[in-house]
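Colleague: Contents of run24.cif (mmCIF, C-alpha atoms and all ligand atoms) are below:
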```cif
data_structure
#
loop_
_atom_site.label_atom_id
_atom_site.label_comp_id
_atom_site.auth_asym_id
_atom_site.auth_seq_id
_atom_site.Cartn_x
_atom_site.Cartn_y
_atom_site.Cartn_z
CA MET A 162 -12.91 32.03 -22.69
CA ASP A 163 -12.23 28.33 -22.80
CA ALA A 164 -14.96 25.80 -22.34
CA ALA A 165 -14.18 22.70 -20.34
CA PRO A 166 -14.46 19.80 -22.78
CA ASN A 167 -14.70 17.17 -20.12
CA ALA A 168 -15.68 18.49 -16.76
CA THR A 169 -14.89 15.46 -14.69
CA GLY A 170 -14.28 17.02 -11.31
CA GLU A 171 -13.13 19.98 -9.31
CA LEU A 172 -10.23 20.57 -11.64
CA ALA A 173 -12.53 21.73 -14.39
CA SER A 174 -13.58 24.80 -12.43
CA ARG A 175 -10.65 26.95 -13.55
CA PHE A 176 -11.06 26.64 -17.31
CA ASP A 177 -12.54 30.09 -17.73
CA LEU A 178 -9.15 31.75 -17.47
CA ARG A 179 -7.87 34.56 -19.60
CA ARG A 180 -5.06 33.22 -21.76
CA CYS A 181 -2.28 34.63 -23.91
CA THR A 182 -3.50 35.00 -27.47
CA ARG A 183 -0.29 33.56 -28.93
CA CYS A 184 0.54 30.71 -26.53
CA ILE A 185 -1.91 29.36 -23.95
CA PHE A 186 -0.45 30.60 -20.65
CA PRO A 187 -3.28 31.58 -18.29
CA ASP A 188 -3.43 34.78 -16.27
CA SER A 189 -3.07 32.67 -13.11
CA LEU A 190 0.61 32.06 -13.91
CA PRO A 191 2.70 34.08 -11.43
CA GLY A 192 4.57 36.94 -13.08
CA ILE A 193 2.62 36.90 -16.33
CA ALA A 194 1.81 40.23 -17.98
CA PHE A 195 -0.32 40.73 -21.07
CA SER A 196 0.19 43.54 -23.56
CA ASP A 197 -2.62 45.34 -25.43
CA ASP A 198 -2.68 42.74 -28.20
CA GLY A 199 -3.18 39.99 -25.61
CA THR A 200 0.23 38.35 -25.93
CA CYS A 201 2.18 37.47 -22.79
CA ASN A 202 5.62 38.65 -21.67
CA HIS A 203 7.06 35.13 -22.20
CA CYS A 204 5.99 35.12 -25.86
CA ARG A 205 7.34 38.62 -26.45
CA THR A 206 10.80 37.64 -25.18
CA TYR A 207 10.82 34.10 -26.63
CA LYS A 208 14.06 32.99 -28.26
CA ALA A 209 14.19 29.74 -30.22
CA PRO A 210 16.82 27.29 -28.92
CA GLU A 211 20.01 27.32 -30.96
CA VAL A 212 20.89 24.10 -32.72
CA LEU A 213 24.58 23.31 -33.22
CA GLY A 214 23.96 21.18 -36.33
CA GLU A 215 24.44 17.60 -37.49
CA ASP A 216 27.99 18.28 -38.74
CA GLU A 217 29.10 19.10 -35.21
CA LEU A 218 27.45 15.94 -33.95
CA ARG A 219 29.20 13.87 -36.64
CA LYS A 220 32.57 15.21 -35.50
CA ILE A 221 31.86 13.92 -31.99
CA ILE A 222 30.55 10.61 -33.30
CA GLU A 223 33.56 9.97 -35.54
CA GLY A 224 35.79 10.62 -32.54
CA VAL A 225 34.25 7.75 -30.58
CA ARG A 226 33.26 5.27 -33.29
CA GLY A 227 34.84 1.82 -33.10
CA ARG A 228 37.00 2.46 -30.03
CA PHE A 229 35.13 0.05 -27.76
CA ALA A 230 32.44 -2.65 -28.03
CA PHE A 231 29.73 0.04 -27.83
CA ASP A 232 29.92 3.50 -29.37
CA CYS A 233 27.15 5.06 -27.30
CA ILE A 234 24.49 4.70 -24.63
CA VAL A 235 20.96 5.95 -25.24
CA PRO A 236 18.97 6.29 -21.99
CA LEU A 237 15.45 5.02 -22.71
CA SER A 238 12.37 6.04 -20.75
CA GLY A 239 9.75 4.55 -23.07
CA GLY A 240 8.75 8.09 -24.00
CA ARG A 241 8.80 9.79 -27.35
CA ASP A 242 12.08 11.68 -27.49
CA SER A 243 14.40 8.94 -26.24
CA ALA A 244 12.87 6.44 -28.70
CA TYR A 245 13.72 8.82 -31.54
CA VAL A 246 17.30 9.28 -30.30
CA LEU A 247 17.69 5.49 -30.20
CA TYR A 248 16.41 5.23 -33.75
CA MET A 249 18.75 7.97 -34.99
CA ALA A 250 21.79 6.57 -33.17
CA LYS A 251 21.34 3.11 -34.62
CA ARG A 252 19.82 3.64 -38.06
CA HIS A 253 20.92 7.11 -39.08
CA PHE A 254 24.38 7.25 -37.58
CA GLY A 255 25.04 3.48 -37.55
CA LEU A 256 26.33 3.53 -33.99
CA ARG A 257 26.79 0.38 -31.94
CA THR A 258 24.29 1.37 -29.32
CA LEU A 259 23.48 0.18 -25.82
CA ALA A 260 20.05 1.11 -24.46
CA VAL A 261 19.80 1.78 -20.72
CA ASN A 262 16.48 1.97 -18.93
CA PHE A 263 15.92 3.00 -15.34
CA ASP A 264 12.57 1.63 -14.21
CA ASN A 265 11.43 3.97 -11.42
CA GLU A 266 8.62 1.56 -10.43
CA PHE A 267 6.04 3.92 -11.93
CA GLN A 268 6.82 3.11 -15.54
CA THR A 269 3.62 2.61 -17.54
CA PRO A 270 3.00 -0.78 -19.22
CA GLN A 271 2.98 1.04 -22.57
CA ALA A 272 6.40 2.55 -21.85
CA LYS A 273 7.77 -0.93 -21.16
CA ALA A 274 6.19 -2.28 -24.35
CA ASN A 275 7.64 0.63 -26.36
CA ILE A 276 11.13 0.00 -24.99
CA LEU A 277 11.07 -3.71 -25.78
CA ALA A 278 9.61 -3.13 -29.25
CA ALA A 279 12.18 -0.45 -30.16
CA CYS A 280 15.16 -2.49 -28.96
CA GLY A 281 13.82 -5.59 -30.70
CA ILE A 282 13.24 -3.87 -34.04
CA LEU A 283 16.59 -2.05 -33.98
CA ASP A 284 18.46 -5.04 -32.54
CA VAL A 285 19.89 -2.95 -29.70
CA PRO A 286 20.89 -4.65 -26.41
CA LEU A 287 19.01 -3.30 -23.41
CA VAL A 288 20.04 -3.07 -19.75
CA THR A 289 17.28 -2.30 -17.25
CA TYR A 290 17.86 -1.19 -13.68
CA ARG A 291 15.14 -1.36 -11.04
CA SER A 292 15.50 -1.15 -7.29
CA ARG A 293 15.18 -4.52 -5.54
CA TRP A 294 14.25 -2.62 -2.40
CA GLY A 295 11.42 -0.63 -3.94
CA THR A 296 13.17 2.66 -3.17
CA GLY A 297 11.40 4.51 -6.02
CA LYS A 298 7.97 3.95 -4.50
CA LYS A 299 9.17 4.41 -0.92
CA THR A 300 10.87 7.70 -1.76
CA VAL A 301 7.71 9.11 -3.31
CA HIS A 302 5.52 7.72 -0.50
CA TYR A 303 7.54 9.33 2.27
CA ALA A 304 8.17 12.55 0.34
CA ILE A 305 4.42 13.03 0.01
CA ARG A 306 3.73 12.22 3.65
CA ALA A 307 6.42 14.68 4.71
CA ALA A 308 4.91 17.34 2.44
CA LEU A 309 1.29 16.96 3.52
CA ASP A 310 1.39 19.75 6.11
CA GLY A 311 3.00 22.11 3.62
CA GLY A 312 0.09 21.87 1.18
CA ILE A 313 0.14 21.63 -2.58
CA ARG A 314 3.34 23.63 -3.12
CA ALA A 315 5.30 21.24 -0.93
CA MET A 316 3.77 18.33 -2.86
CA ALA A 317 4.77 19.53 -6.31
CA ASP A 318 8.36 18.35 -6.23
CA CYS A 319 7.72 15.04 -4.48
CA PHE A 320 7.32 12.93 -7.57
CA CYS A 321 10.48 13.28 -9.61
CA ASN A 322 12.53 11.85 -6.74
CA ALA A 323 11.55 8.41 -8.01
CA CYS A 324 14.10 8.82 -10.78
CA SER A 325 16.05 12.05 -10.50
CA TYR A 326 19.06 10.15 -9.14
CA GLY A 327 18.56 6.74 -10.71
CA TYR A 328 18.13 7.62 -14.35
CA ARG A 329 21.48 9.40 -14.50
CA ALA A 330 23.30 7.08 -12.10
CA CYS A 331 22.38 3.94 -14.04
CA CYS A 332 23.68 5.39 -17.31
CA TYR A 333 26.96 6.26 -15.59
CA ILE A 334 27.19 2.79 -14.05
CA ALA A 335 26.62 1.22 -17.50
CA ALA A 336 29.14 3.59 -19.12
CA GLU A 337 31.78 2.44 -16.62
CA LYS A 338 30.89 -1.22 -16.86
CA PHE A 339 30.78 -1.45 -20.66
CA ASN A 340 33.41 1.21 -21.47
CA VAL A 341 31.06 3.41 -23.46
CA PRO A 342 32.55 6.69 -24.69
CA LEU A 343 29.34 8.63 -25.43
CA ILE A 344 25.93 9.15 -23.79
CA LEU A 345 23.20 10.65 -25.97
CA TRP A 346 20.54 12.26 -23.79
CA GLY A 347 17.09 12.79 -25.26
CA GLU A 348 16.18 15.91 -23.30
CA SER A 349 15.24 18.85 -25.47
CA ALA A 350 15.47 22.54 -24.76
CA GLY A 351 11.78 22.82 -25.67
CA GLU A 352 10.94 20.82 -22.58
CA TYR A 353 13.15 22.77 -20.25
CA THR A 354 10.81 24.52 -17.88
CA GLN A 355 12.72 24.56 -14.65
CA PRO A 356 13.67 28.23 -14.24
CA MET A 357 10.10 29.39 -14.81
CA THR A 358 8.68 27.17 -12.11
CA ASP A 359 11.39 26.75 -9.49
CA GLU A 360 10.97 30.23 -8.14
CA HIS A 361 7.30 29.68 -7.37
CA LEU A 362 7.77 26.27 -5.80
CA ARG A 363 10.33 27.47 -3.28
CA LEU A 364 9.10 26.80 0.23
CA GLY A 365 9.50 28.97 3.31
CA LEU A 366 12.04 27.97 5.96
CA THR A 367 9.49 26.45 8.38
CA ALA A 368 7.90 24.33 5.67
CA ARG A 369 11.36 23.19 4.48
CA ILE A 370 12.45 22.20 7.98
CA ARG A 371 9.16 20.40 8.59
CA LYS A 372 9.49 18.55 5.30
CA GLN A 373 13.08 17.49 5.98
CA PHE A 374 12.99 16.62 9.66
CA SER A 375 9.56 15.12 10.31
CA GLY A 376 9.44 11.34 10.81
CA ALA A 377 8.33 10.86 7.18
CA GLY A 378 10.99 13.35 6.04
CA LEU A 379 13.73 11.29 7.67
CA LEU A 380 12.43 8.07 6.12
CA TYR A 381 12.34 9.88 2.79
CA ARG A 382 16.00 10.79 3.11
CA LEU A 383 16.89 7.31 4.29
CA ASN A 384 15.45 5.99 1.02
CA LEU A 385 17.43 8.55 -0.99
CA TYR A 386 20.55 7.09 0.65
CA ARG A 387 19.39 3.55 -0.08
CA GLN A 388 19.03 4.48 -3.77
CA ARG A 389 22.64 5.67 -3.77
CA LEU A 390 23.79 2.58 -1.92
CA GLU A 391 22.07 0.30 -4.41
CA PHE A 392 23.22 2.19 -7.51
CA PRO A 393 26.57 3.73 -6.58
CA VAL A 394 28.48 5.70 -9.20
CA ARG A 395 32.24 5.34 -8.86
CA GLY A 396 33.97 8.28 -7.20
CA ASN A 397 30.75 9.85 -5.95
CA PHE A 398 31.09 9.16 -2.21
CA TRP A 399 30.96 12.77 -1.01
CA ARG A 400 28.35 13.76 -3.55
CA ASN A 401 26.20 10.85 -2.36
CA LEU A 402 26.63 11.84 1.25
CA ALA A 403 25.40 15.34 0.39
CA LEU A 404 22.58 13.86 -1.75
CA LEU A 405 23.79 15.75 -4.81
CA ALA A 406 23.16 14.71 -8.42
CA PRO A 407 25.59 12.02 -9.60
CA ARG A 408 28.60 12.97 -11.67
CA LEU A 409 30.41 10.77 -14.17
CA LYS A 410 34.05 10.30 -13.21
CA ARG A 411 35.11 8.28 -16.25
CA ALA A 412 37.22 10.82 -18.10
CA ASP A 413 36.84 9.48 -21.63
CA THR A 414 33.05 9.37 -21.71
CA ARG A 415 31.27 12.37 -23.11
CA GLU A 416 27.61 13.20 -22.55
CA ILE A 417 25.63 15.38 -24.89
CA ALA A 418 22.01 16.37 -25.41
CA PHE A 419 21.11 15.01 -28.84
CA PHE A 420 18.65 17.81 -29.58
CA ASP A 421 21.32 20.45 -29.01
CA TYR A 422 22.68 19.24 -32.37
CA VAL A 423 19.67 17.97 -34.31
CA PRO A 424 16.50 20.08 -34.50
CA TRP A 425 13.69 18.81 -32.33
CA ASN A 426 10.90 18.41 -34.87
CA ARG A 427 7.73 17.24 -33.21
CA ASP A 428 5.94 15.92 -36.30
CA LEU A 429 8.98 14.19 -37.81
CA LEU A 430 9.76 12.62 -34.46
CA LYS A 431 6.25 11.26 -33.97
CA ARG A 432 5.99 10.02 -37.55
CA THR A 433 9.36 8.26 -37.41
CA ILE A 434 8.91 6.37 -34.16
CA THR A 435 5.33 5.38 -34.98
CA ARG A 436 6.23 4.09 -38.44
CA GLU A 437 9.65 2.59 -37.75
CA LEU A 438 9.39 1.40 -34.16
CA GLY A 439 5.66 0.68 -33.79
CA TRP A 440 5.70 3.21 -30.94
CA LYS A 441 2.33 3.80 -29.24
CA LYS A 442 0.90 6.12 -26.62
CA PRO A 443 -1.49 4.63 -24.03
CA ASP A 444 -5.16 4.71 -25.07
CA ASP A 445 -6.06 7.09 -22.25
CA SER A 446 -3.27 9.59 -22.91
CA VAL A 447 -4.13 12.88 -24.58
CA SER A 448 -0.68 13.63 -25.91
CA THR A 449 2.42 11.72 -26.93
CA TRP A 450 4.32 13.63 -24.29
CA ARG A 451 5.36 12.12 -20.96
CA ILE A 452 3.50 8.88 -21.38
CA ASP A 453 6.31 7.01 -19.67
CA CYS A 454 5.52 7.70 -16.02
CA LYS A 455 2.28 7.22 -14.08
CA LEU A 456 3.24 10.07 -11.77
CA ASP A 457 2.76 12.58 -14.56
CA ARG A 458 -0.94 12.83 -13.63
CA LEU A 459 -0.03 13.87 -10.10
CA VAL A 460 2.46 16.44 -11.36
CA THR A 461 -0.33 17.87 -13.55
CA PHE A 462 -2.68 17.90 -10.54
CA CYS A 463 -0.18 19.95 -8.51
CA TYR A 464 0.83 22.31 -11.29
CA TYR A 465 -2.76 22.95 -12.24
CA ASN A 466 -3.62 23.91 -8.68
CA ILE A 467 -0.55 26.13 -8.28
CA PHE A 468 -0.15 27.72 -11.70
CA GLY A 469 -3.56 27.19 -13.28
CA CYS A 470 -1.91 25.14 -16.02
CA SER A 471 -0.11 21.83 -16.44
CA LYS A 472 3.67 21.43 -16.54
CA HIS A 473 3.26 20.59 -20.24
CA CYS A 474 1.90 24.08 -20.78
CA PHE A 475 5.46 25.44 -20.48
CA GLY A 476 6.43 23.09 -23.31
CA TYR A 477 3.38 24.05 -25.39
CA HIS A 478 4.47 27.66 -25.03
CA ASN A 479 7.82 26.75 -26.60
CA MET A 480 6.30 24.57 -29.32
CA ILE A 481 3.72 27.17 -30.35
CA ASN A 482 6.37 29.89 -30.56
CA ASP A 483 8.58 27.48 -32.54
CA ARG A 484 5.66 26.84 -34.91
CA GLN A 485 5.76 23.13 -34.07
CA MET A 486 2.20 23.05 -32.80
CA SER A 487 -0.94 25.09 -33.35
CA ARG A 488 -2.39 27.04 -30.43
CA GLU A 489 -5.73 25.30 -30.92
CA LYS A 490 -4.23 21.83 -30.68
CA ALA A 491 -2.13 22.72 -27.64
CA LEU A 492 -5.15 24.20 -25.87
CA GLY A 493 -7.24 21.10 -26.60
CA GLN A 494 -4.55 18.85 -25.15
CA GLU A 495 -4.00 21.12 -22.17
CA LEU A 496 -7.69 21.20 -21.23
CA ARG A 497 -8.03 17.45 -21.55
CA ALA A 498 -4.84 16.81 -19.56
CA CYS A 499 -6.09 19.01 -16.72
CA SER A 500 -9.42 17.18 -16.47
CA ILE A 501 -8.13 14.41 -14.26
CA PRO A 502 -10.86 12.17 -12.90
CA GLY A 503 -10.76 12.17 -9.10
CA ALA A 504 -11.01 8.36 -9.14
CA GLU A 505 -7.79 8.11 -11.11
CA LEU A 506 -5.92 10.35 -8.67
CA LYS A 507 -7.21 8.31 -5.76
CA GLU A 508 -6.16 5.06 -7.39
CA LEU A 509 -2.64 6.37 -7.90
CA LEU A 510 -2.31 7.76 -4.38
CA ALA A 511 -3.91 4.84 -2.57
CA GLY A 512 -2.89 2.00 -4.88
CA ASP A 513 0.53 2.79 -6.34
CA ILE A 514 1.83 5.07 -3.59
CA GLU A 515 0.03 3.28 -0.75
CA LEU A 516 -1.16 6.33 1.16
CA ARG A 517 -3.86 6.03 3.81
CA PRO A 518 -7.46 7.01 2.91
CA ASP A 519 -7.32 10.14 5.13
CA GLU A 520 -4.05 11.22 3.46
CA VAL A 521 -5.58 10.71 0.02
CA GLU A 522 -8.58 12.82 1.00
CA ARG A 523 -6.30 15.61 2.24
CA ILE A 524 -4.44 15.68 -1.06
CA ILE A 525 -7.62 15.68 -3.14
CA GLY A 526 -8.82 18.46 -0.81
CA PHE A 527 -5.89 20.68 -1.84
CA SER A 528 -7.67 21.33 -5.14
CA ARG A 529 -10.65 22.80 -3.30
CA LYS A 530 -8.54 25.17 -1.23
CA HIS A 531 -6.77 26.70 -4.21
ZN ZN A 601 2.24 33.68 -24.52
#
```
Show the structure stored in the file as structure tokens.

Modeller:
Amino acid sequence: MDAAPNATGELASRFDLRRCTRCIFPDSLPGIAFSDDGTCNHCRTYKAPEVLGEDELRKIIEGVRGRFAFDCIVPLSGGRDSAYVLYMAKRHFGLRTLAVNFDNEFQTPQAKANILAACGILDVPLVTYRSRWGTGKKTVHYAIRAALDGGIRAMADCFCNACSYGYRACCYIAAEKFNVPLILWGESAGEYTQPMTDEHLRLGLTARIRKQFSGAGLLYRLNLYRQRLEFPVRGNFWRNLALLAPRLKRADTREIAFFDYVPWNRDLLKRTITRELGWKKPDDSVSTWRIDCKLDRLVTFCYYNIFGCSKHCFGYHNMINDRQMSREKALGQELRACSIPGAELKELLAGDIELRPDEVERIIGFSRKH
């Protein structure tokens, strides 16, 4: 049984969960099954992500090097992984790199400081995109208001709308504008948690209709269109109309996930960016993961109340099975991350997202119902 290290509110009440003895998944996770030795079904079927190798990456790099003013774009969030990719692109591979940042209006001050420090130290030009119309905040505001009647499950996917379009679109816009032949994404397979959670976040038809077609739902979609109007990617008219993810039409630009080629090594990554780029996590953050967006706390709040664990827990599962992190350390971070002070949640919901006091109370109340 786990003890709550910092019982700051209602969230601490679920810490006495049974957990997998290898990773830290709790028994509240839908579909989990423990065997006699206490390990979970996810651990028993775990397969480490395959890495294609640095030689393969070099082949791609040599194919693009020197053709245009920039060899590659590195999308920067201010978080850990993208900072490392920037460092590797510039210092290790000697690429003429352009950094692109999409500020979703919820970027933490530390993320901004990290971006500026890294680009300054590495002498990499930086382009930042931020909506002049405040569509990031408006999208999240109306998405939440539209989801309120649907409860916590309907809330869970409200937050990533602040950047799900913009962070890709702005890289594509920059690739077109500056003729850049390669985009190096910093996403790693270890963080990929979508298939495990999507199934349990799917809403029923009534809830979906209510979310889409209520007054707030329509304003939410209006702001999704405004995002696409403000940051249009060439050749994406029909995709934009259908609110689909943007697609790059420039034929001679290639996009790859950097960590498909170079092993994602948590310790090496942390050591490198701290030492070489002066990279810091905010003082109040328990892990170096996802420090770039203020909304992460709200995502944790929702996941905790739906799955009994944070979204990071899916990543810890991968890291523990990959021997990149000890179970003890992951559990410590998980328990601390899930102890979110109610005051902090309220400040985010009322201050940053500008919800009314009664709406804030309803959302905080979701934790009591589950
Ligand atoms: Zn497990």

Colleague: Please find the residues contacting ligand ZN 601 (chain A) at a distance of at most 8 Å between atoms, with all atoms listed in the file counted, and report them as a ChimeraX atom specification.

Modeller: /A:180-186,200-205,478

Colleague: In terms of the shortest atom-to-atom distance over all atoms listed in the file, which of A:Arg387, A:Val301, A:Arg329, A:Asp232 is closest to A:Met316?

Modeller: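 Closest residue, counting all atoms listed in the file: A:Val301.
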
Colleague: Hey, which of A:Tyr328, A:Tyr464, A:Trp440, A:Phe263 ends up closest to A:Leu287? Count all atoms listed in the file.

Modeller: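 Residue with the minimum atom-to-atom distance to A:Leu287: A:Phe263.
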
Colleague: Would you list the contacts of stretch 333-343 of chain A as a list in words, taking every protein, DNA or RNA residue within 7 Å and counting only C-alpha atoms, but skipping same-chain residues closer than 4 positions in sequence?

Modeller: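 The contact residues come out as Val225, Phe229, Phe231, Asp232, Cys233, Ile234, Arg329, Val394, Leu409, Arg411, Asp413, Thr414, Arg415 and Glu416 of chain A.
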
Colleague: Report, in Å with one decimal, the straight-line distance from atom CA of A:Leu237 to atom CA of A:Asp216.

Modeller: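 Atom CA of A:Asp216 lies 24.3 Å from atom CA of A:Leu237.
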
Colleague: Could you tell me how far atom CA of A:Gly512 lies from atom CA of A:Lys455, in Å and to one decimal?

Modeller: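 Computing it gives 11.8 Å between the two atoms.
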
Colleague: Could you list, as number ranges by chain, every residue within 12 Å of A:Ile434, counting all atoms listed in the file and ignoring same-chain residues fewer than 6 positions away?

Modeller: A: 239-249, 252, 275-276, 278-279, 282-283, 427-428, 440-442, 449

Colleague: Show me, as a PDB file with C-alpha atoms, keeping the file's coordinate frame, the residues that have an atom within 7 Å of stretch 466-475 of chain A when counting all atoms listed in the file, minus same-chain residues fewer than 2 positions from it.

Modeller:
```pdb
ATOM      1  CA  PHE A 186      -0.450  30.600 -20.650  1.00  0.00           C
ATOM      2  CA  PRO A 187      -3.280  31.580 -18.290  1.00  0.00           C
ATOM      3  CA  SER A 189      -3.070  32.670 -13.110  1.00  0.00           C
ATOM      4  CA  LEU A 190       0.610  32.060 -13.910  1.00  0.00           C
ATOM      5  CA  PRO A 191       2.700  34.080 -11.430  1.00  0.00           C
ATOM      6  CA  ARG A 314       3.340  23.630  -3.120  1.00  0.00           C
ATOM      7  CA  THR A 354      10.810  24.520 -17.880  1.00  0.00           C
ATOM      8  CA  THR A 461      -0.330  17.870 -13.550  1.00  0.00           C
ATOM      9  CA  PHE A 462      -2.680  17.900 -10.540  1.00  0.00           C
ATOM     10  CA  CYS A 463      -0.180  19.950  -8.510  1.00  0.00           C
ATOM     11  CA  TYR A 464       0.830  22.310 -11.290  1.00  0.00           C
ATOM     12  CA  TYR A 477       3.380  24.050 -25.390  1.00  0.00           C
ATOM     13  CA  HIS A 478       4.470  27.660 -25.030  1.00  0.00           C
ATOM     14  CA  ASN A 479       7.820  26.750 -26.600  1.00  0.00           C
ATOM     15  CA  GLU A 495      -4.000  21.120 -22.170  1.00  0.00           C
ATOM     16  CA  CYS A 499      -6.090  19.010 -16.720  1.00  0.00           C
ATOM     17  CA  SER A 528      -7.670  21.330  -5.140  1.00  0.00           C
ATOM     18  CA  HIS A 531      -6.770  26.700  -4.210  1.00  0.00           C
TER      19      HIS A 531
END
```

Colleague: Restricting the calculation to only C-alpha atoms: of A:Ala315, A:Cys321, A:Leu456, A:Ile481, which residue gets closest to A:Phe527?

Modeller: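 Looking only at the distances to A:Phe527, the closest residue turns out to be A:Ala315.
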
Colleague: Kindly indicate which residue among A:Asn384, A:Gln373, A:Gln268, A:Ser238 lies nearest to A:Cys332, using only C-alpha atoms for the distances.

Modeller: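 Among the listed residues, the smallest separation from A:Cys332 belongs to A:Ser238.
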
Colleague: Check the smallest atom-to-atom distance from each of A:Arg382, A:Lys507, A:Lys298, A:Arg257 to A:Val285 using only C-alpha atoms, then report the winner.

Modeller: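 With only C-alpha atoms as the atom set, the closest residue is A:Arg257.
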
Colleague: Work out how far atom CA of A:Leu213 is from atom CA of A:Asp421, in Å to one decimal.

Modeller: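 Separating atom CA of A:Asp421 from atom CA of A:Leu213 is a distance of 6.0 Å.
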